[in-house]
Amino acid sequence: MRILSGIQPSGALHIGNYFGMMLPAIEMQEQGEAYYFIANYHSMTSLFDPIIRRQNTLDVALDFLACGLDPKKAVFFRQSDVSEVCELAWMLTTIAPMGLLERCHSFKDKVANGISPNHGLFAYPVLMAADILIYDSDVVPVGRDQKQHVEVTRDLATKFNQAYGETFVVPAERIRDSVAVVPGTDGQKMSKSYGNTIEIFGEEKATKKRIMGLVMDSRSPSEPKPDAEKNVAIQLLKLVAPSEVSLGFEARLREGGLGYGDLKKALFEHYWNFFTPARNRRAELAANLDYVESVLRDGAERARIVARTVLTRARKASGLE
Ligand code: ADP
Ligand code: TRP
């Protein structure tokens, strides 16, 4: 089984990224041939500072390796180190119906939020399809917000196969229901674009402040809370604390008598301890950037071998060769 996923270097990674995409991807590296990449071409649709792009790309590499991506098991690379993917994106764009792309939620949401879209933002699902198809991927671990993009990929693979003969593997998304949408500090989906994130490797004081600032209601501590399972701090605690701990807090909140301040303090402590081993590994990696660069370069070489094979197949099928 070939597993593939990507993440954009568009800012500091948060625990929604971790539980929604990185952890499932890291666990899946044991189950097949995993290909994971840093989607720096994608970041060009919305980030226009070369220095920040380079820095963010390095940060994502450090974050992913620190969290447990094992370069001996997974092929880890920068998207732009395998530029063959842009040629495949062109081929796919010629069979991508305008209407299909116009219906993509992420594009519509961004336009609704007042972003003036460039063509890259509109065509982004086609590049994502190329990312997936060029590695003959079977499964794509992502958070729920990316489901539609994998559906577009399937549509394009099927259309191409019908037009030019069997060329591409038709992939499927893999979404973990338990963490399909991790809530942010305001209870909405945690997202860089909503400013409601808890970073994986945030600075201690600032992160504590964010957790203590989680939005709660105004019910008094003594009041029973029959909806305790909906509380954002409880939902996050379930991700970072052993289940007996989170269920204990949930029961106390339900009965009444647990103050939100104490709950948030417990959340901060469990969050901090949960990521401490990764935080230490990250510091070691940051002191050894030559190693990180060599991992990415080696990953790109291995990825390019597969990409060239699949691209040649598509070039032959479509009569370019
Ligand atoms: P953001 O919304 O912060 O910009 P991205 O769109 O870059 O995050 O998402 C990167 C990966 O992390 C995707 O696979 C996405 O599905 C996943 N992801 C992002 N936010 C969450 C969340 N709150 N819950 C679960 N998964 C998420
Ligand atoms: N679109 C994804 C995101 O914003 C990143 C991405 C790009 C990706 N290409 C991909 C994810 C291919 C999975 C497979 O999170």
# chains A, B, ... in the order shown; residues from 1 in each chain; ligands from 1
$ select_by_dssp --residues "region 88-303 of chain A" --states "strand (DSSP E or B)" --output "list in words"
Val139, Val140, Pro141, Ala172, Glu173, Arg174, Pro183, Lys189 and Glu199 of chain A
$ write_last_selection --atoms "all heavy atoms" --output "mmCIF file, in the first residue's frame"
data_model
loop_
_atom_site.group_PDB
_atom_site.id
_atom_site.type_symbol
_atom_site.label_atom_id
_atom_site.label_comp_id
_atom_site.auth_asym_id
_atom_site.auth_seq_id
_atom_site.Cartn_x
_atom_site.Cartn_y
_atom_site.Cartn_z
ATOM 1 N N VAL A 139 -3.722 5.541 -0.488
ATOM 2 C CA VAL A 139 -4.458 6.219 0.583
ATOM 3 C C VAL A 139 -3.804 7.534 0.964
ATOM 4 O O VAL A 139 -2.580 7.679 0.940
ATOM 5 C CB VAL A 139 -4.593 5.369 1.869
ATOM 6 C CG1 VAL A 139 -5.631 4.316 1.738
ATOM 7 C CG2 VAL A 139 -3.283 4.827 2.314
ATOM 8 N N VAL A 140 -4.663 8.491 1.351
ATOM 9 C CA VAL A 140 -4.221 9.842 1.662
ATOM 10 C C VAL A 140 -4.753 10.232 3.042
ATOM 11 O O VAL A 140 -5.932 10.573 3.174
ATOM 12 C CB VAL A 140 -4.748 10.835 0.585
ATOM 13 C CG1 VAL A 140 -4.216 12.233 0.822
ATOM 14 C CG2 VAL A 140 -4.391 10.358 -0.818
ATOM 15 N N PRO A 141 -3.928 10.156 4.084
ATOM 16 C CA PRO A 141 -4.399 10.570 5.417
ATOM 17 C C PRO A 141 -4.453 12.098 5.535
ATOM 18 O O PRO A 141 -3.442 12.766 5.361
ATOM 19 C CB PRO A 141 -3.353 9.981 6.389
ATOM 20 C CG PRO A 141 -2.131 9.720 5.559
ATOM 21 C CD PRO A 141 -2.561 9.606 4.120
ATOM 22 N N ALA A 172 -7.910 6.892 -2.239
ATOM 23 C CA ALA A 172 -8.989 7.180 -1.283
ATOM 24 C C ALA A 172 -8.425 7.964 -0.104
ATOM 25 O O ALA A 172 -7.272 7.755 0.278
ATOM 26 C CB ALA A 172 -9.592 5.877 -0.782
ATOM 27 N N GLU A 173 -9.244 8.859 0.450
ATOM 28 C CA GLU A 173 -8.800 9.580 1.639
ATOM 29 C C GLU A 173 -8.914 8.677 2.858
ATOM 30 O O GLU A 173 -9.702 7.714 2.843
ATOM 31 C CB GLU A 173 -9.605 10.871 1.862
ATOM 32 C CG GLU A 173 -11.055 10.680 2.260
ATOM 33 C CD GLU A 173 -11.964 10.435 1.061
ATOM 34 O OE1 GLU A 173 -11.468 10.314 -0.074
ATOM 35 O OE2 GLU A 173 -13.190 10.333 1.269
ATOM 36 N N ARG A 174 -8.157 8.969 3.896
ATOM 37 C CA ARG A 174 -8.285 8.225 5.167
ATOM 38 C C ARG A 174 -8.434 9.286 6.256
ATOM 39 O O ARG A 174 -7.492 10.035 6.519
ATOM 40 C CB ARG A 174 -7.032 7.379 5.374
ATOM 41 C CG ARG A 174 -7.006 6.583 6.665
ATOM 42 C CD ARG A 174 -7.870 5.315 6.620
ATOM 43 N NE ARG A 174 -7.525 4.391 5.559
ATOM 44 C CZ ARG A 174 -6.630 3.403 5.673
ATOM 45 N NH1 ARG A 174 -5.992 3.226 6.798
ATOM 46 N NH2 ARG A 174 -6.394 2.599 4.653
ATOM 47 N N PRO A 183 -11.092 21.265 17.738
ATOM 48 C CA PRO A 183 -11.566 22.634 17.953
ATOM 49 C C PRO A 183 -10.444 23.577 18.393
ATOM 50 O O PRO A 183 -9.498 23.157 19.069
ATOM 51 C CB PRO A 183 -12.591 22.469 19.077
ATOM 52 C CG PRO A 183 -12.162 21.261 19.830
ATOM 53 C CD PRO A 183 -11.482 20.360 18.838
ATOM 54 N N LYS A 189 -13.361 25.242 14.262
ATOM 55 C CA LYS A 189 -12.246 24.405 13.804
ATOM 56 C C LYS A 189 -10.932 25.149 14.021
ATOM 57 O O LYS A 189 -10.820 26.329 13.690
ATOM 58 C CB LYS A 189 -12.409 24.108 12.303
ATOM 59 C CG LYS A 189 -11.195 23.397 11.687
ATOM 60 C CD LYS A 189 -11.258 23.372 10.162
ATOM 61 C CE LYS A 189 -10.003 23.896 9.506
ATOM 62 N NZ LYS A 189 -8.935 23.025 9.174
ATOM 63 N N GLU A 199 -0.257 26.068 19.239
ATOM 64 C CA GLU A 199 0.856 25.525 18.458
ATOM 65 C C GLU A 199 1.399 24.257 19.105
ATOM 66 O O GLU A 199 1.314 24.086 20.324
ATOM 67 C CB GLU A 199 1.976 26.571 18.346
ATOM 68 C CG GLU A 199 1.556 27.766 17.514
ATOM 69 C CD GLU A 199 2.621 28.852 17.459
ATOM 70 O OE1 GLU A 199 3.796 28.577 17.813
ATOM 71 O OE2 GLU A 199 2.274 29.967 17.055
#
$ closest_atom_pairs --of "region 151-196 of chain A" --to "region 95-111 of chain A" --cutoff "10 Å" --atoms "only C-alpha atoms" --output "JSON lines"
{"residue": "A:Val152", "atom": "CA", "partner": "A:Leu100", "partner_atom": "CA", "distance": 7.5}
{"residue": "A:Thr153", "atom": "CA", "partner": "A:Ala96", "partner_atom": "CA", "distance": 9.8}
{"residue": "A:Asp155", "atom": "CA", "partner": "A:Ala96", "partner_atom": "CA", "distance": 8.7}
{"residue": "A:Leu156", "atom": "CA", "partner": "A:Ala96", "partner_atom": "CA", "distance": 6.5}
{"residue": "A:Ala157", "atom": "CA", "partner": "A:Ile95", "partner_atom": "CA", "distance": 9.7}
{"residue": "A:Lys159", "atom": "CA", "partner": "A:Ile95", "partner_atom": "CA", "distance": 7.3}
{"residue": "A:Phe160", "atom": "CA", "partner": "A:Ile95", "partner_atom": "CA", "distance": 7.2}
{"residue": "A:Ala163", "atom": "CA", "partner": "A:Ile95", "partner_atom": "CA", "distance": 9.0}
{"residue": "A:Ser193", "atom": "CA", "partner": "A:Lys110", "partner_atom": "CA", "distance": 9.8}
$ closest_atom_pairs --of "chain A" --to "ligand 2" --cutoff "7 Å" --atoms "only C-alpha atoms and all ligand atoms" --output "JSON lines"
{"residue": "A:Leu4", "atom": "CA", "partner": "ligand 2", "partner_atom_place_in_ligand_line": "14 (C)", "distance": 6.1}
{"residue": "A:Ser5", "atom": "CA", "partner": "ligand 2", "partner_atom_place_in_ligand_line": "13 (C)", "distance": 3.9}
{"residue": "A:Gly6", "atom": "CA", "partner": "ligand 2", "partner_atom_place_in_ligand_line": "11 (C)", "distance": 3.9}
{"residue": "A:Ile7", "atom": "CA", "partner": "ligand 2", "partner_atom_place_in_ligand_line": "5 (C)", "distance": 4.4}
{"residue": "A:Gln8", "atom": "CA", "partner": "ligand 2", "partner_atom_place_in_ligand_line": "5 (C)", "distance": 5.4}
{"residue": "A:Ala39", "atom": "CA", "partner": "ligand 2", "partner_atom_place_in_ligand_line": "7 (C)", "distance": 5.4}
{"residue": "A:His42", "atom": "CA", "partner": "ligand 2", "partner_atom_place_in_ligand_line": "7 (C)", "distance": 6.4}
{"residue": "A:Met128", "atom": "CA", "partner": "ligand 2", "partner_atom_place_in_ligand_line": "9 (N)", "distance": 4.1}
{"residue": "A:Ala129", "atom": "CA", "partner": "ligand 2", "partner_atom_place_in_ligand_line": "12 (C)", "distance": 6.8}
{"residue": "A:Asp131", "atom": "CA", "partner": "ligand 2", "partner_atom_place_in_ligand_line": "12 (C)", "distance": 5.3}
{"residue": "A:Ile132", "atom": "CA", "partner": "ligand 2", "partner_atom_place_in_ligand_line": "12 (C)", "distance": 5.3}
{"residue": "A:Val140", "atom": "CA", "partner": "ligand 2", "partner_atom_place_in_ligand_line": "13 (C)", "distance": 5.9}
{"residue": "A:Pro141", "atom": "CA", "partner": "ligand 2", "partner_atom_place_in_ligand_line": "13 (C)", "distance": 7.0}
{"residue": "A:Val142", "atom": "CA", "partner": "ligand 2", "partner_atom_place_in_ligand_line": "13 (C)", "distance": 6.2}
{"residue": "A:Gln146", "atom": "CA", "partner": "ligand 2", "partner_atom_place_in_ligand_line": "1 (N)", "distance": 6.4}
$ select_by_dssp --residues "region 6-131 of chain A" --states "alpha helix (DSSP H)" --output "PyMOL selection string"
chain A and resi 15-17+23-28+40-43+50-67+84-93+98-102+105-112+119-131
$ residues_near_ligand --ligand "ligand 1" --cutoff "10 Å" --atoms "only C-alpha atoms and all ligand atoms" --output "short mmCIF file (atom, residue, chain, number, x, y, z; two decimals) with N, CA and C atoms, in the first residue's frame"
data_model
loop_
_atom_site.label_atom_id
_atom_site.label_comp_id
_atom_site.auth_asym_id
_atom_site.auth_seq_id
_atom_site.Cartn_x
_atom_site.Cartn_y
_atom_site.Cartn_z
N SER A 5 0.84 11.99 1.90
CA SER A 5 0.18 13.21 2.37
C SER A 5 1.15 14.39 2.29
N GLY A 6 0.57 15.58 2.37
CA GLY A 6 1.39 16.79 2.30
C GLY A 6 0.85 17.83 3.26
N ILE A 7 1.71 18.76 3.62
CA ILE A 7 1.27 19.86 4.49
C ILE A 7 1.96 21.13 4.03
N GLN A 8 1.18 22.22 4.04
CA GLN A 8 1.73 23.49 3.53
C GLN A 8 2.62 24.17 4.56
N PRO A 9 3.69 24.79 4.11
CA PRO A 9 4.52 25.57 5.03
C PRO A 9 3.98 26.99 5.13
N SER A 10 2.77 27.11 5.68
CA SER A 10 2.16 28.44 5.67
C SER A 10 2.11 29.06 7.06
N GLY A 11 2.79 28.49 8.04
CA GLY A 11 2.83 29.08 9.38
C GLY A 11 3.08 28.00 10.41
N ALA A 12 3.15 28.39 11.69
CA ALA A 12 3.47 27.42 12.74
C ALA A 12 2.41 26.33 12.80
N LEU A 13 2.84 25.08 12.88
CA LEU A 13 1.88 23.97 12.93
C LEU A 13 1.22 23.91 14.30
N HIS A 14 -0.05 23.48 14.31
CA HIS A 14 -0.84 23.47 15.55
C HIS A 14 -1.35 22.07 15.84
N ILE A 15 -1.98 21.92 17.00
CA ILE A 15 -2.36 20.57 17.41
C ILE A 15 -3.53 20.01 16.57
N GLY A 16 -4.23 20.88 15.84
CA GLY A 16 -5.21 20.38 14.86
C GLY A 16 -4.47 19.67 13.73
N ASN A 17 -3.40 20.27 13.23
CA ASN A 17 -2.58 19.62 12.20
C ASN A 17 -2.01 18.31 12.74
N TYR A 18 -1.56 18.36 14.01
CA TYR A 18 -0.92 17.18 14.59
C TYR A 18 -1.89 16.00 14.67
N PHE A 19 -3.03 16.22 15.32
CA PHE A 19 -3.94 15.09 15.54
C PHE A 19 -4.72 14.74 14.26
N GLY A 20 -5.00 15.75 13.43
CA GLY A 20 -5.79 15.50 12.22
C GLY A 20 -4.99 14.84 11.12
N MET A 21 -3.73 15.23 10.97
CA MET A 21 -2.97 14.74 9.83
C MET A 21 -1.63 14.11 10.19
N MET A 22 -0.83 14.81 11.05
CA MET A 22 0.55 14.32 11.24
C MET A 22 0.58 12.98 11.99
N PRO A 24 -1.81 10.58 12.38
CA PRO A 24 -2.23 9.45 11.53
C PRO A 24 -1.17 9.10 10.48
N ALA A 25 -0.57 10.13 9.88
CA ALA A 25 0.44 9.87 8.85
C ALA A 25 1.65 9.15 9.46
N ALA A 39 4.42 21.03 1.18
CA ALA A 39 3.78 21.54 -0.04
C ALA A 39 4.13 23.01 -0.26
N HIS A 42 2.29 24.81 -3.14
CA HIS A 42 0.94 25.21 -2.73
C HIS A 42 0.98 26.51 -1.93
N SER A 43 2.01 26.68 -1.11
CA SER A 43 2.05 27.88 -0.27
C SER A 43 2.17 29.15 -1.11
N SER A 106 -13.03 24.95 -0.21
CA SER A 106 -11.93 25.74 0.34
C SER A 106 -11.73 27.00 -0.51
N VAL A 140 -4.66 8.49 1.35
CA VAL A 140 -4.22 9.84 1.66
C VAL A 140 -4.75 10.23 3.04
N PRO A 141 -3.93 10.16 4.08
CA PRO A 141 -4.40 10.57 5.42
C PRO A 141 -4.45 12.10 5.53
N VAL A 142 -5.64 12.63 5.80
CA VAL A 142 -5.84 14.08 5.93
C VAL A 142 -6.97 14.35 6.92
N GLY A 143 -7.10 15.62 7.33
CA GLY A 143 -8.25 16.04 8.12
C GLY A 143 -9.47 16.18 7.20
N ARG A 144 -10.65 16.32 7.82
CA ARG A 144 -11.89 16.28 7.02
C ARG A 144 -11.96 17.39 5.97
N ASP A 145 -11.34 18.55 6.26
CA ASP A 145 -11.45 19.67 5.31
C ASP A 145 -10.80 19.37 3.96
N GLN A 146 -9.99 18.31 3.88
CA GLN A 146 -9.32 17.98 2.61
C GLN A 146 -10.04 16.88 1.83
N LYS A 147 -11.14 16.38 2.40
CA LYS A 147 -11.85 15.26 1.77
C LYS A 147 -12.24 15.58 0.32
N ILE A 175 -9.64 9.38 6.81
CA ILE A 175 -9.91 10.41 7.81
C ILE A 175 -10.22 9.75 9.13
N ARG A 176 -9.55 10.22 10.18
CA ARG A 176 -9.81 9.65 11.50
C ARG A 176 -10.99 10.36 12.13
N ASP A 177 -12.09 9.65 12.31
CA ASP A 177 -13.29 10.32 12.80
C ASP A 177 -13.09 10.98 14.15
N SER A 178 -12.30 10.33 15.03
CA SER A 178 -12.16 10.86 16.39
C SER A 178 -11.50 12.24 16.39
N VAL A 179 -10.69 12.54 15.39
CA VAL A 179 -9.99 13.84 15.38
C VAL A 179 -10.18 14.55 14.05
N ALA A 180 -11.32 14.26 13.38
CA ALA A 180 -11.51 14.84 12.05
C ALA A 180 -11.51 16.36 12.12
N VAL A 181 -12.04 16.92 13.22
CA VAL A 181 -12.00 18.38 13.40
C VAL A 181 -11.62 18.70 14.85
N VAL A 182 -10.40 19.14 15.04
CA VAL A 182 -9.95 19.53 16.38
C VAL A 182 -10.39 20.98 16.62
N PRO A 183 -11.09 21.26 17.74
CA PRO A 183 -11.57 22.63 17.95
C PRO A 183 -10.44 23.58 18.39
N GLY A 184 -10.58 24.83 18.02
CA GLY A 184 -9.61 25.86 18.43
C GLY A 184 -10.04 26.55 19.71
N GLY A 187 -13.59 27.43 19.97
CA GLY A 187 -14.60 26.39 19.71
C GLY A 187 -14.83 26.10 18.24
N GLN A 188 -14.39 27.01 17.33
CA GLN A 188 -14.47 26.72 15.88
C GLN A 188 -13.36 25.74 15.52
N LYS A 189 -13.36 25.24 14.26
CA LYS A 189 -12.25 24.40 13.80
C LYS A 189 -10.93 25.15 14.02
N MET A 190 -9.96 24.47 14.63
CA MET A 190 -8.66 25.11 14.82
C MET A 190 -8.02 25.31 13.45
N SER A 191 -7.60 26.55 13.17
CA SER A 191 -7.00 26.84 11.86
C SER A 191 -6.12 28.07 11.96
N LYS A 192 -4.99 28.00 11.24
CA LYS A 192 -4.11 29.16 11.17
C LYS A 192 -4.88 30.40 10.75
N SER A 193 -5.82 30.20 9.80
CA SER A 193 -6.50 31.38 9.27
C SER A 193 -7.53 31.97 10.23
N TYR A 194 -7.87 31.26 11.30
CA TYR A 194 -8.83 31.83 12.27
C TYR A 194 -8.15 32.40 13.51
N GLY A 195 -6.82 32.29 13.61
CA GLY A 195 -6.12 32.84 14.78
C GLY A 195 -6.55 32.19 16.09
N ASN A 196 -6.96 30.92 16.04
CA ASN A 196 -7.47 30.26 17.26
C ASN A 196 -6.65 29.00 17.58
N THR A 197 -5.37 29.03 17.21
CA THR A 197 -4.58 27.79 17.32
C THR A 197 -3.84 27.66 18.63
#
$ residues_around --residues "Ile211 (chain A)" --least-positions-apart "4" --cutoff "8 Å" --atoms "only C-alpha atoms" --output "list of chain:residue names"
A:Thr185, A:Ile198, A:Thr207, A:Lys264, A:Lys265, A:Leu267, A:Phe268
$ residues_around --residues "region 279-296 of chain A" --least-positions-apart "6" --cutoff "10 Å" --atoms "only C-alpha atoms" --output "JSON, numbers by chain"
{"A": [37, 38, 58, 59, 61, 62, 63, 64, 65, 66, 67, 68, 70, 71, 72, 75, 76, 77, 78, 79, 81, 200, 201, 202, 272, 273, 302]}
$ write_last_selection --atoms "N, CA, C and O atoms" --output "compact mmCIF listing (two decimals), in the first residue's frame"
# COMPACT_ATOMS: atom_id res chain seq x y z
N PHE A 37 5.30 15.03 2.09
CA PHE A 37 6.06 16.15 1.55
C PHE A 37 5.58 17.49 2.11
O PHE A 37 4.47 17.61 2.62
N ILE A 38 6.45 18.47 1.97
CA ILE A 38 6.14 19.84 2.40
C ILE A 38 5.68 20.60 1.16
O ILE A 38 6.45 20.74 0.19
N LEU A 58 11.55 24.85 6.50
CA LEU A 58 12.47 24.22 7.44
C LEU A 58 11.75 23.88 8.75
O LEU A 58 11.94 22.79 9.32
N ASP A 59 10.90 24.80 9.21
CA ASP A 59 10.16 24.54 10.46
C ASP A 59 9.26 23.32 10.34
O ASP A 59 9.17 22.51 11.26
N ALA A 61 9.73 20.80 8.40
CA ALA A 61 10.61 19.63 8.39
C ALA A 61 11.00 19.27 9.83
O ALA A 61 10.92 18.10 10.24
N LEU A 62 11.39 20.25 10.60
CA LEU A 62 11.78 20.00 11.99
C LEU A 62 10.59 19.46 12.79
O LEU A 62 10.72 18.50 13.56
N ASP A 63 9.43 20.08 12.61
CA ASP A 63 8.24 19.67 13.37
C ASP A 63 7.90 18.21 13.08
O ASP A 63 7.64 17.42 13.98
N PHE A 64 7.86 17.89 11.78
CA PHE A 64 7.43 16.54 11.39
C PHE A 64 8.42 15.49 11.87
O PHE A 64 8.03 14.43 12.39
N LEU A 65 9.70 15.78 11.72
CA LEU A 65 10.72 14.81 12.17
C LEU A 65 10.67 14.68 13.69
O LEU A 65 10.76 13.58 14.24
N ALA A 66 10.52 15.82 14.39
CA ALA A 66 10.48 15.78 15.85
C ALA A 66 9.28 14.98 16.34
O ALA A 66 9.35 14.28 17.36
N CYS A 67 8.17 15.06 15.61
CA CYS A 67 6.95 14.36 16.05
C CYS A 67 6.99 12.87 15.74
O CYS A 67 6.09 12.14 16.13
N GLY A 68 7.98 12.42 15.00
CA GLY A 68 8.11 10.97 14.83
C GLY A 68 8.14 10.48 13.40
O GLY A 68 8.19 9.27 13.16
N ASP A 70 9.77 9.06 10.50
CA ASP A 70 11.05 8.34 10.49
C ASP A 70 11.54 8.22 9.04
O ASP A 70 10.95 7.48 8.24
N PRO A 71 12.60 8.94 8.71
CA PRO A 71 13.04 8.94 7.30
C PRO A 71 13.54 7.57 6.82
O PRO A 71 13.73 7.38 5.62
N LYS A 72 13.70 6.63 7.73
CA LYS A 72 14.06 5.27 7.28
C LYS A 72 12.80 4.55 6.81
O LYS A 72 12.87 3.60 6.04
N VAL A 75 9.41 8.31 2.93
CA VAL A 75 10.14 9.20 2.01
C VAL A 75 9.65 10.62 2.30
O VAL A 75 8.46 10.90 2.14
N PHE A 76 10.54 11.48 2.75
CA PHE A 76 10.13 12.83 3.20
C PHE A 76 10.86 13.85 2.34
O PHE A 76 12.10 13.82 2.24
N PHE A 77 10.10 14.75 1.71
CA PHE A 77 10.75 15.66 0.74
C PHE A 77 9.99 16.97 0.58
O PHE A 77 8.85 17.10 1.02
N ARG A 78 10.69 17.93 -0.05
CA ARG A 78 10.06 19.20 -0.43
C ARG A 78 9.37 19.00 -1.77
O ARG A 78 10.00 18.49 -2.72
N GLN A 79 8.15 19.44 -1.85
CA GLN A 79 7.37 19.28 -3.09
C GLN A 79 8.14 19.80 -4.31
O GLN A 79 8.21 19.16 -5.35
N ASP A 81 11.18 19.99 -4.96
CA ASP A 81 12.36 19.23 -5.39
C ASP A 81 12.00 18.16 -6.42
O ASP A 81 12.88 17.52 -6.98
N ILE A 200 2.00 23.39 18.28
CA ILE A 200 2.62 22.17 18.83
C ILE A 200 3.84 22.56 19.64
O ILE A 200 4.06 22.04 20.73
N PHE A 201 4.63 23.49 19.08
CA PHE A 201 5.89 23.85 19.73
C PHE A 201 5.91 25.34 20.09
O PHE A 201 6.90 26.02 19.87
N GLY A 202 4.80 25.82 20.63
CA GLY A 202 4.74 27.21 21.05
C GLY A 202 5.60 27.44 22.28
O GLY A 202 5.96 26.50 22.99
N TRP A 272 1.57 20.15 27.76
CA TRP A 272 3.02 20.41 27.81
C TRP A 272 3.79 19.10 27.93
O TRP A 272 4.76 18.87 27.20
N ASN A 273 3.33 18.21 28.81
CA ASN A 273 4.02 16.93 28.99
C ASN A 273 3.91 16.04 27.75
O ASN A 273 4.85 15.33 27.40
N ARG A 302 14.53 9.79 -3.95
CA ARG A 302 13.71 8.57 -3.98
C ARG A 302 12.33 8.87 -4.57
O ARG A 302 11.79 8.07 -5.35
$ residues_around --residues "Tyr260 (chain A)" --least-positions-apart "3" --cutoff "10 Å" --atoms "only C-alpha atoms" --output "list in words"
Met212, Leu214, Val215, Met216, Asp217, Ser218, Arg219, Ser220, Pro221, Asn231, Ala233, Leu253, Gly257, Leu263, Lys264, Lys265 and Ala266 of chain A
$ residues_around --residues "Gly120 (chain A)" --least-positions-apart "6" --cutoff "9 Å" --atoms "only C-alpha atoms" --output "PDB file with N, CA and C atoms, in the first residue's frame"
ATOM      1  N   HIS A  42       2.289  24.806  -3.139  1.00  0.00           N
ATOM      2  CA  HIS A  42       0.939  25.215  -2.730  1.00  0.00           C
ATOM      3  C   HIS A  42       0.977  26.506  -1.934  1.00  0.00           C
ATOM      4  N   MET A  44       2.615  28.988  -2.393  1.00  0.00           N
ATOM      5  CA  MET A  44       2.768  30.180  -3.240  1.00  0.00           C
ATOM      6  C   MET A  44       1.437  30.838  -3.584  1.00  0.00           C
ATOM      7  N   THR A  45       0.320  30.104  -3.382  1.00  0.00           N
ATOM      8  CA  THR A  45      -0.982  30.705  -3.696  1.00  0.00           C
ATOM      9  C   THR A  45      -1.369  31.783  -2.684  1.00  0.00           C
ATOM     10  N   SER A  46      -0.734  31.765  -1.509  1.00  0.00           N
ATOM     11  CA  SER A  46      -1.182  32.718  -0.477  1.00  0.00           C
ATOM     12  C   SER A  46      -0.050  33.355   0.333  1.00  0.00           C
ATOM     13  N   LEU A 127      -3.276  20.731  -8.754  1.00  0.00           N
ATOM     14  CA  LEU A 127      -1.897  20.441  -8.329  1.00  0.00           C
ATOM     15  C   LEU A 127      -1.917  19.374  -7.228  1.00  0.00           C
TER      16      LEU A 127
END
$ atom_distance --atom1 "CA of Gly256 (chain A)" --atom2 "CA of Glu223 (chain A)"
4.8 Å
$ residues_around --residues "Ile3 (chain A)" --least-positions-apart "2" --cutoff "7 Å" --atoms "only C-alpha atoms" --output "list in words"
Met1, Gly32, Glu33, Ala34, Tyr35, Ser137, Asp138, Val139 and Val140 of chain A
